[in-house]
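To be precise, the following lines are protein34.csv, and they hold CSV, C-alpha atoms and all ligand atoms.
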```
chain,number,residue,atom,x,y,z
A,26,MET,CA,-142.0,160.8,19.5
A,27,ALA,CA,-143.8,164.0,18.4
A,28,SER,CA,-142.1,165.8,15.6
A,29,ARG,CA,-141.3,169.5,16.0
A,30,LEU,CA,-144.1,170.4,13.6
A,31,GLN,CA,-146.6,168.5,15.7
A,32,VAL,CA,-145.4,170.2,18.9
A,33,LEU,CA,-145.8,173.6,17.3
A,34,ALA,CA,-149.3,172.6,16.1
A,35,ALA,CA,-150.2,171.5,19.6
A,36,LEU,CA,-148.9,174.7,21.2
A,37,ALA,CA,-150.9,176.7,18.6
A,38,SER,CA,-154.1,174.9,19.3
A,39,THR,CA,-153.7,175.1,23.0
A,40,ALA,CA,-153.2,178.9,22.7
A,41,LEU,CA,-156.5,179.1,20.7
A,42,GLY,CA,-158.3,176.9,23.2
A,43,LEU,CA,-159.0,174.3,20.6
A,44,PRO,CA,-158.6,170.6,21.2
A,45,SER,CA,-155.1,169.6,20.5
A,46,PRO,CA,-154.7,167.5,17.4
A,47,ILE,CA,-151.9,165.3,18.9
A,48,VAL,CA,-153.1,164.5,22.3
A,49,ALA,CA,-154.2,160.9,21.8
A,50,ASP,CA,-157.4,159.7,23.3
A,51,PRO,CA,-156.8,157.5,26.4
A,52,PRO,CA,-156.5,153.9,25.3
A,53,VAL,CA,-159.8,152.0,25.3
A,54,ARG,CA,-159.8,149.6,28.2
A,55,ILE,CA,-162.1,146.6,28.2
A,56,LEU,CA,-162.5,145.1,31.6
A,57,PRO,CA,-165.1,144.4,34.3
A,58,PHE,CA,-165.3,146.3,37.5
A,59,ASN,CA,-163.5,143.5,39.3
A,60,TRP,CA,-162.9,139.8,39.0
A,61,ASP,CA,-161.7,136.8,41.0
A,62,PHE,CA,-159.7,133.6,40.4
A,63,LYS,CA,-160.0,130.8,42.9
A,64,ILE,CA,-158.1,127.5,42.9
A,65,THR,CA,-160.7,124.9,43.1
A,66,ALA,CA,-158.6,121.8,42.7
A,67,LEU,CA,-154.9,120.8,42.6
A,68,ASP,CA,-153.4,117.5,41.5
A,69,GLY,CA,-149.8,116.3,41.4
A,70,PRO,CA,-146.6,116.1,43.4
A,71,GLY,CA,-145.9,119.8,42.7
A,72,CYS,CA,-149.0,120.9,44.7
A,73,PRO,CA,-149.8,118.4,47.5
A,74,ASP,CA,-151.3,121.1,49.7
A,75,PHE,CA,-154.8,121.8,48.4
A,76,GLY,CA,-157.0,123.5,51.0
A,77,GLN,CA,-154.2,124.2,53.5
A,78,VAL,CA,-154.5,127.7,54.8
A,79,ASN,CA,-151.9,127.7,57.6
A,80,PRO,CA,-149.0,128.3,57.1
A,81,PRO,CA,-149.7,130.9,54.4
A,82,PHE,CA,-147.1,129.7,51.9
A,83,THR,CA,-149.3,127.2,50.3
A,84,THR,CA,-150.2,126.9,46.6
A,85,ARG,CA,-152.2,130.0,46.2
A,86,PRO,CA,-153.1,133.0,44.0
A,87,THR,CA,-150.7,135.9,44.6
A,88,PHE,CA,-151.0,139.1,42.5
A,89,GLY,CA,-152.4,140.5,39.3
A,90,SER,CA,-150.7,142.9,36.9
A,91,ASN,CA,-151.8,144.6,33.7
A,92,THR,CA,-150.7,147.1,31.0
A,93,VAL,CA,-152.5,150.4,30.7
A,94,ASP,CA,-151.1,151.5,27.2
A,95,GLY,CA,-153.9,149.9,25.2
A,96,SER,CA,-152.2,146.6,24.7
A,97,GLU,CA,-154.6,145.1,27.4
A,98,ILE,CA,-152.4,142.3,28.7
A,99,TYR,CA,-153.5,141.0,32.0
A,100,TYR,CA,-151.8,138.5,34.3
A,101,TRP,CA,-152.8,136.7,37.4
A,102,HIS,CA,-150.0,134.8,39.3
A,103,PHE,CA,-150.2,131.6,41.2
A,104,ALA,CA,-147.5,130.5,43.6
A,105,TYR,CA,-146.3,126.9,43.9
A,106,PRO,CA,-144.0,126.4,47.0
A,107,HIS,CA,-143.6,122.7,46.4
A,108,PHE,CA,-142.5,123.2,42.8
A,109,ARG,CA,-138.7,122.4,42.8
A,110,ALA,CA,-136.4,120.0,41.2
A,111,SER,CA,-132.6,119.2,41.2
A,112,VAL,CA,-130.2,117.2,39.1
A,113,GLY,CA,-126.7,116.1,40.0
A,114,PRO,CA,-124.2,113.3,39.4
A,115,GLU,CA,-126.5,110.7,41.0
A,116,THR,CA,-129.7,112.0,39.4
A,117,PRO,CA,-129.3,113.2,35.8
A,118,GLU,CA,-133.0,113.8,35.3
A,119,ALA,CA,-135.8,115.1,37.5
A,120,SER,CA,-139.3,116.4,36.9
A,121,ILE,CA,-142.3,117.7,38.8
A,122,TRP,CA,-145.8,118.6,37.8
A,123,CYS,CA,-149.1,120.0,39.0
A,124,GLU,CA,-152.5,120.3,37.5
A,125,THR,CA,-154.5,123.4,38.6
A,126,THR,CA,-158.2,124.1,38.2
A,127,LEU,CA,-159.3,127.7,38.5
A,128,SER,CA,-162.7,129.2,38.7
A,129,TYR,CA,-163.1,132.6,37.3
A,130,THR,CA,-165.8,135.1,38.3
A,131,GLU,CA,-166.7,138.5,37.0
A,132,LEU,CA,-167.6,140.9,39.9
A,133,ASN,CA,-169.6,144.1,40.0
A,134,SER,CA,-169.1,147.2,42.2
A,135,GLU,CA,-170.8,145.3,45.1
A,136,GLY,CA,-168.3,142.6,44.8
A,137,VAL,CA,-170.7,140.0,43.6
A,138,ALA,CA,-171.3,138.3,40.2
A,139,PRO,CA,-173.6,140.5,38.2
A,140,GLU,CA,-177.0,139.0,37.1
A,141,VAL,CA,-176.1,139.8,33.5
A,142,PRO,CA,-172.4,139.5,33.0
A,143,GLU,CA,-170.9,141.9,30.5
A,144,TYR,CA,-167.5,140.5,29.7
A,145,ARG,CA,-166.1,137.3,28.4
A,146,LEU,CA,-162.6,136.2,29.5
A,147,GLN,CA,-160.1,135.3,26.8
A,148,LEU,CA,-157.2,133.2,28.0
A,149,HIS,CA,-153.7,133.4,26.7
A,150,LYS,CA,-153.4,137.0,25.5
A,151,ASN,CA,-149.6,136.7,26.0
A,152,GLY,CA,-147.2,134.0,26.9
A,153,THR,CA,-147.0,132.3,30.3
A,154,GLU,CA,-144.8,134.0,32.8
A,155,PHE,CA,-142.4,132.3,35.3
A,156,LEU,CA,-140.9,133.9,38.4
A,157,ALA,CA,-138.4,131.3,39.8
A,158,SER,CA,-135.0,130.7,41.2
A,159,TYR,CA,-132.3,128.9,39.2
A,160,ASP,CA,-128.8,127.6,39.8
A,161,LEU,CA,-127.8,125.7,36.7
A,162,GLU,CA,-124.4,124.5,35.7
A,163,GLU,CA,-123.4,124.4,32.1
A,164,GLY,CA,-124.9,121.3,30.5
A,165,VAL,CA,-128.1,121.4,32.5
A,166,GLU,CA,-131.4,122.2,30.8
A,167,ALA,CA,-134.6,123.3,32.5
A,168,LYS,CA,-137.8,122.9,30.5
A,169,TRP,CA,-141.2,124.3,31.5
A,170,LYS,CA,-144.3,123.1,29.8
A,171,VAL,CA,-147.8,124.4,30.4
A,172,THR,CA,-150.8,122.8,28.8
A,173,TYR,CA,-154.0,124.7,29.1
A,174,LEU,CA,-156.7,122.1,28.9
A,175,THR,CA,-159.5,124.3,27.9
A,176,GLU,CA,-162.0,122.0,26.1
A,177,PRO,CA,-161.8,118.3,25.4
A,178,GLN,CA,-160.8,119.0,21.8
A,179,TYR,CA,-158.7,122.1,22.4
A,180,LYS,CA,-155.3,122.7,24.0
A,181,ILE,CA,-152.7,125.5,24.2
A,182,ASP,CA,-149.1,124.3,24.8
A,183,ASP,CA,-146.6,126.8,26.1
A,184,GLU,CA,-142.9,125.9,26.5
A,185,LEU,CA,-139.8,127.6,27.9
A,186,THR,CA,-136.3,126.1,27.9
A,187,VAL,CA,-133.6,127.6,30.1
A,188,THR,CA,-130.1,126.4,29.3
A,189,GLY,CA,-127.3,126.5,31.8
A,190,PRO,CA,-125.1,128.0,32.9
A,191,ARG,CA,-127.4,130.3,34.8
A,192,ALA,CA,-126.0,131.8,38.0
A,193,ALA,CA,-127.9,131.4,41.3
A,194,GLY,CA,-130.6,133.9,41.6
A,195,ALA,CA,-134.2,134.8,40.9
A,196,TYR,CA,-135.3,135.2,37.2
A,197,HIS,CA,-138.4,136.3,35.3
A,198,ASP,CA,-139.1,134.6,32.0
A,199,TYR,CA,-141.9,134.2,29.5
A,200,THR,CA,-142.8,131.4,27.2
A,201,ASP,CA,-142.9,132.3,23.5
A,202,SER,CA,-146.3,133.8,23.0
A,203,GLN,CA,-148.4,132.1,20.4
A,204,GLU,CA,-151.1,133.6,18.3
A,205,VAL,CA,-153.8,131.5,20.0
A,206,GLN,CA,-156.5,132.7,22.4
A,207,TRP,CA,-159.3,130.8,24.0
A,208,ARG,CA,-162.6,132.6,24.7
A,209,LEU,CA,-164.4,131.1,27.7
A,210,PRO,CA,-167.6,129.5,26.5
A,211,GLN,CA,-169.7,131.8,28.8
A,212,CYS,CA,-169.6,135.4,29.8
A,213,GLY,CA,-168.9,136.2,33.5
A,214,THR,CA,-167.7,132.9,34.7
A,215,GLY,CA,-165.7,129.8,33.7
A,216,THR,CA,-163.3,127.0,34.6
A,217,ILE,CA,-159.7,127.1,33.5
A,218,ARG,CA,-157.5,124.0,33.9
A,219,TYR,CA,-153.8,123.9,33.2
A,220,ARG,CA,-151.0,121.4,33.7
A,221,THR,CA,-147.5,122.7,34.6
A,222,GLU,CA,-144.5,120.5,34.2
A,223,LEU,CA,-140.8,121.2,34.9
A,224,THR,CA,-138.2,118.8,33.6
A,225,LEU,CA,-134.5,119.2,34.5
A,226,LYS,CA,-131.9,117.3,32.5
A,227,ALA,CA,-128.1,117.1,33.0
A,228,LYS,CA,-127.0,116.7,29.4
A,229,LYS,CA,-123.4,116.8,30.5
A,230,GLU,CA,-122.3,114.0,32.8
A,231,GLY,CA,-122.1,115.0,36.4
A,232,ALA,CA,-123.6,118.5,35.9
A,233,SER,CA,-125.8,119.9,38.7
A,234,GLY,CA,-128.7,122.2,38.7
A,235,THR,CA,-131.7,123.4,40.8
A,236,VAL,CA,-134.9,125.2,40.0
A,237,SER,CA,-136.9,126.4,43.0
A,238,SER,CA,-138.2,129.6,44.5
A,239,GLU,CA,-136.9,132.2,46.9
A,240,LYS,CA,-136.9,131.4,50.6
A,241,VAL,CA,-138.6,133.7,53.1
A,242,GLN,CA,-138.7,133.7,56.9
A,243,TYR,CA,-141.9,132.7,58.4
A,244,ALA,CA,-142.6,131.8,62.1
A,245,GLY,CA,-138.9,131.3,62.7
A,246,ARG,CA,-138.5,129.0,59.8
A,247,SER,CA,-137.2,129.4,56.3
A,248,VAL,CA,-139.9,128.5,53.8
A,249,PHE,CA,-140.2,128.5,50.0
A,250,TYR,CA,-142.3,131.5,48.7
A,251,GLY,CA,-143.2,129.5,45.6
A,252,VAL,CA,-142.4,129.5,41.9
A,253,GLN,CA,-145.0,131.9,40.4
A,254,GLN,CA,-146.7,131.2,37.2
A,255,GLY,CA,-148.4,134.1,35.5
A,256,VAL,CA,-151.5,133.3,33.4
A,257,SER,CA,-152.3,135.8,30.8
A,258,TYR,CA,-155.8,137.0,29.6
A,259,ASP,CA,-157.9,139.9,28.5
A,260,TRP,CA,-161.7,140.4,27.8
A,261,SER,CA,-164.1,141.1,25.1
A,262,LYS,CA,-167.6,142.7,25.6
A,263,CYS,CA,-170.4,140.2,25.5
A,264,ASP,CA,-173.0,140.6,22.9
A,265,LEU,CA,-176.0,141.6,24.9
B,301,LIG,C1,-145.6,139.5,26.8
B,301,LIG,O1,-144.7,138.5,26.5
B,301,LIG,C2,-143.4,138.9,26.1
B,301,LIG,C3,-142.6,137.7,25.7
B,301,LIG,O2,-143.2,136.9,24.8
B,301,LIG,C4,-142.8,139.7,27.2
B,301,LIG,O3,-141.5,140.2,26.8
B,301,LIG,C5,-143.7,140.8,27.6
B,301,LIG,O4,-143.1,141.5,28.7
B,301,LIG,C6,-145.1,140.3,28.0
B,301,LIG,N1,-145.9,141.4,28.3
B,301,LIG,C7,-146.3,141.6,29.5
B,301,LIG,C8,-147.2,142.8,29.7
B,301,LIG,O5,-146.0,141.0,30.5
```

Translate the structure of the given file into structure tokens.
Amino acid sequence: MASRLQVLAALASTALGLPSPIVADPPVRILPFNWDFKITALDGPGCPDFGQVNPPFTTRPTFGSNTVDGSEIYYWHFAYPHFRASVGPETPEASIWCETTLSYTELNSEGVAPEVPEYRLQLHKNGTEFLASYDLEEGVEAKWKVTYLTEPQYKIDDELTVTGPRAAGAYHDYTDSQEVQWRLPQCGTGTIRYRTELTLKAKKEGASGTVSSEKVQYAGRSVFYGVQQGVSYDWSKCDL
């Protein structure tokens, strides 16, 4: 918030036609003209549909989002319609997992990879985001674990625990962000692999719970839209 003194100073300098001392420069943004993430492989019971294009509610990239305030936090989201698990009196524990391989490509104004890429992607600027539906009774715990398998010797583990009761509905959560980022070995392109696992446990006998995604109508049927996982990143300029 500008203090009264600063506001007066700003008015004065505007009147004199001088640059205002309090109008901040627009935040410096570091990003390529465009970029693309493709799913190149899927493995596991949570994503049995690699390569299926019809119907559209397959495991797929969905949308990107980013801050514009200088914090430079970018997300790309991936939807997993087969990702769901339930516990109840007969099944006190359930889990599901998927391992996703992504290929990342920097794109220029012509929509192709530039000959000399200018940016290096850095994974894990912020925590992992989850958009999912829950219905958890008291005593049920849902635990998400994402392991980014970046290099043979290097891993980032993200965890999020949701403890019931949690009323039926759609929720938006983040794992606790860690101060760890992984710079892709090359500029302009790279492979990102991560394993996502959801474990549901009824810690109280007979308690029930479900984690899934919202249902949408498609071609006369009710289908799962997909749990969405947001993967966070930013860029640094390559040393040319
Ligand atoms: C970054 O993560 C925190 C939680 O750790 C979350 O509250 C915040 O909204 C995230 N930022 C963005 C831009 O999504």

Next item on the list: Could you tell me which of A:Tyr199, A:Tyr105, A:Trp169, A:Phe82 comes closest to A:Arg246 if we count all atoms listed in the file?
Entry: A:Phe82

Notebook entry, point to check: What's the 10 Å shell around A:Ser90, counting only C-alpha atoms, without same-chain residues fewer than 4 positions away, as a ChimeraX atom specification?
Noted result: /A:98-102,255,257

For a cut-off of 9 Å around (-154.9, 119.3, 31.7), file coordinates, pick out all residues using all atoms listed in the file and list them as a short mmCIF file (atom, residue, chain, number, x, y, z; two decimals) with C-alpha atoms, in the coordinates of the input.
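Output below, filename part.cif:
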```cif
data_model
loop_
_atom_site.label_atom_id
_atom_site.label_comp_id
_atom_site.auth_asym_id
_atom_site.auth_seq_id
_atom_site.Cartn_x
_atom_site.Cartn_y
_atom_site.Cartn_z
CA GLU A 124 -152.50 120.30 37.50
CA THR A 125 -154.50 123.40 38.60
CA THR A 126 -158.20 124.10 38.20
CA VAL A 171 -147.80 124.40 30.40
CA THR A 172 -150.80 122.80 28.80
CA TYR A 173 -154.00 124.70 29.10
CA LEU A 174 -156.70 122.10 28.90
CA THR A 175 -159.50 124.30 27.90
CA LYS A 180 -155.30 122.70 24.00
CA ARG A 218 -157.50 124.00 33.90
CA TYR A 219 -153.80 123.90 33.20
CA ARG A 220 -151.00 121.40 33.70
CA THR A 221 -147.50 122.70 34.60
#
```

Check: Can you tell me how far atom CA of A:Gly164 sits from atom CA of A:Glu115, in Å to one decimal?
Finding: 15.0 Å

Margin query: At a cut-off of 12 Å and counting only C-alpha atoms and all ligand atoms, what residues surround ligand LIG 301 (chain B)? Please answer as an MDAnalysis selection string.
Written below: chainID A and resid 89:102 149:156 183:185 197:204 254:259

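Minimum atom-to-atom distances from A:Gln206, A:Tyr144, A:Gln253, A:Ala110 to A:Ser233 were compared using all atoms listed in the file, and the lowest value belongs to A:Ala110.
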
Note to self: If I take atom CA of A:Cys263 and atom CA of A:Pro86, how far is one from the other in Å, to one decimal?
What the structure shows: 26.3 Å

Long-range neighbours of A:Gly71 as a compact mmCIF listing (two decimals) with C-alpha atoms, keeping the file's coordinate frame, 7 Å cut-off, all atoms listed in the file, 5 positions minimum in chain:
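Wrote it out as out.txt, contents follow:
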```txt
# COMPACT_ATOMS: atom_id res chain seq x y z
CA HIS A 107 -143.60 122.70 46.40
CA PHE A 108 -142.50 123.20 42.80
CA ILE A 121 -142.30 117.70 38.80
CA TRP A 122 -145.80 118.60 37.80
CA CYS A 123 -149.10 120.00 39.00
```
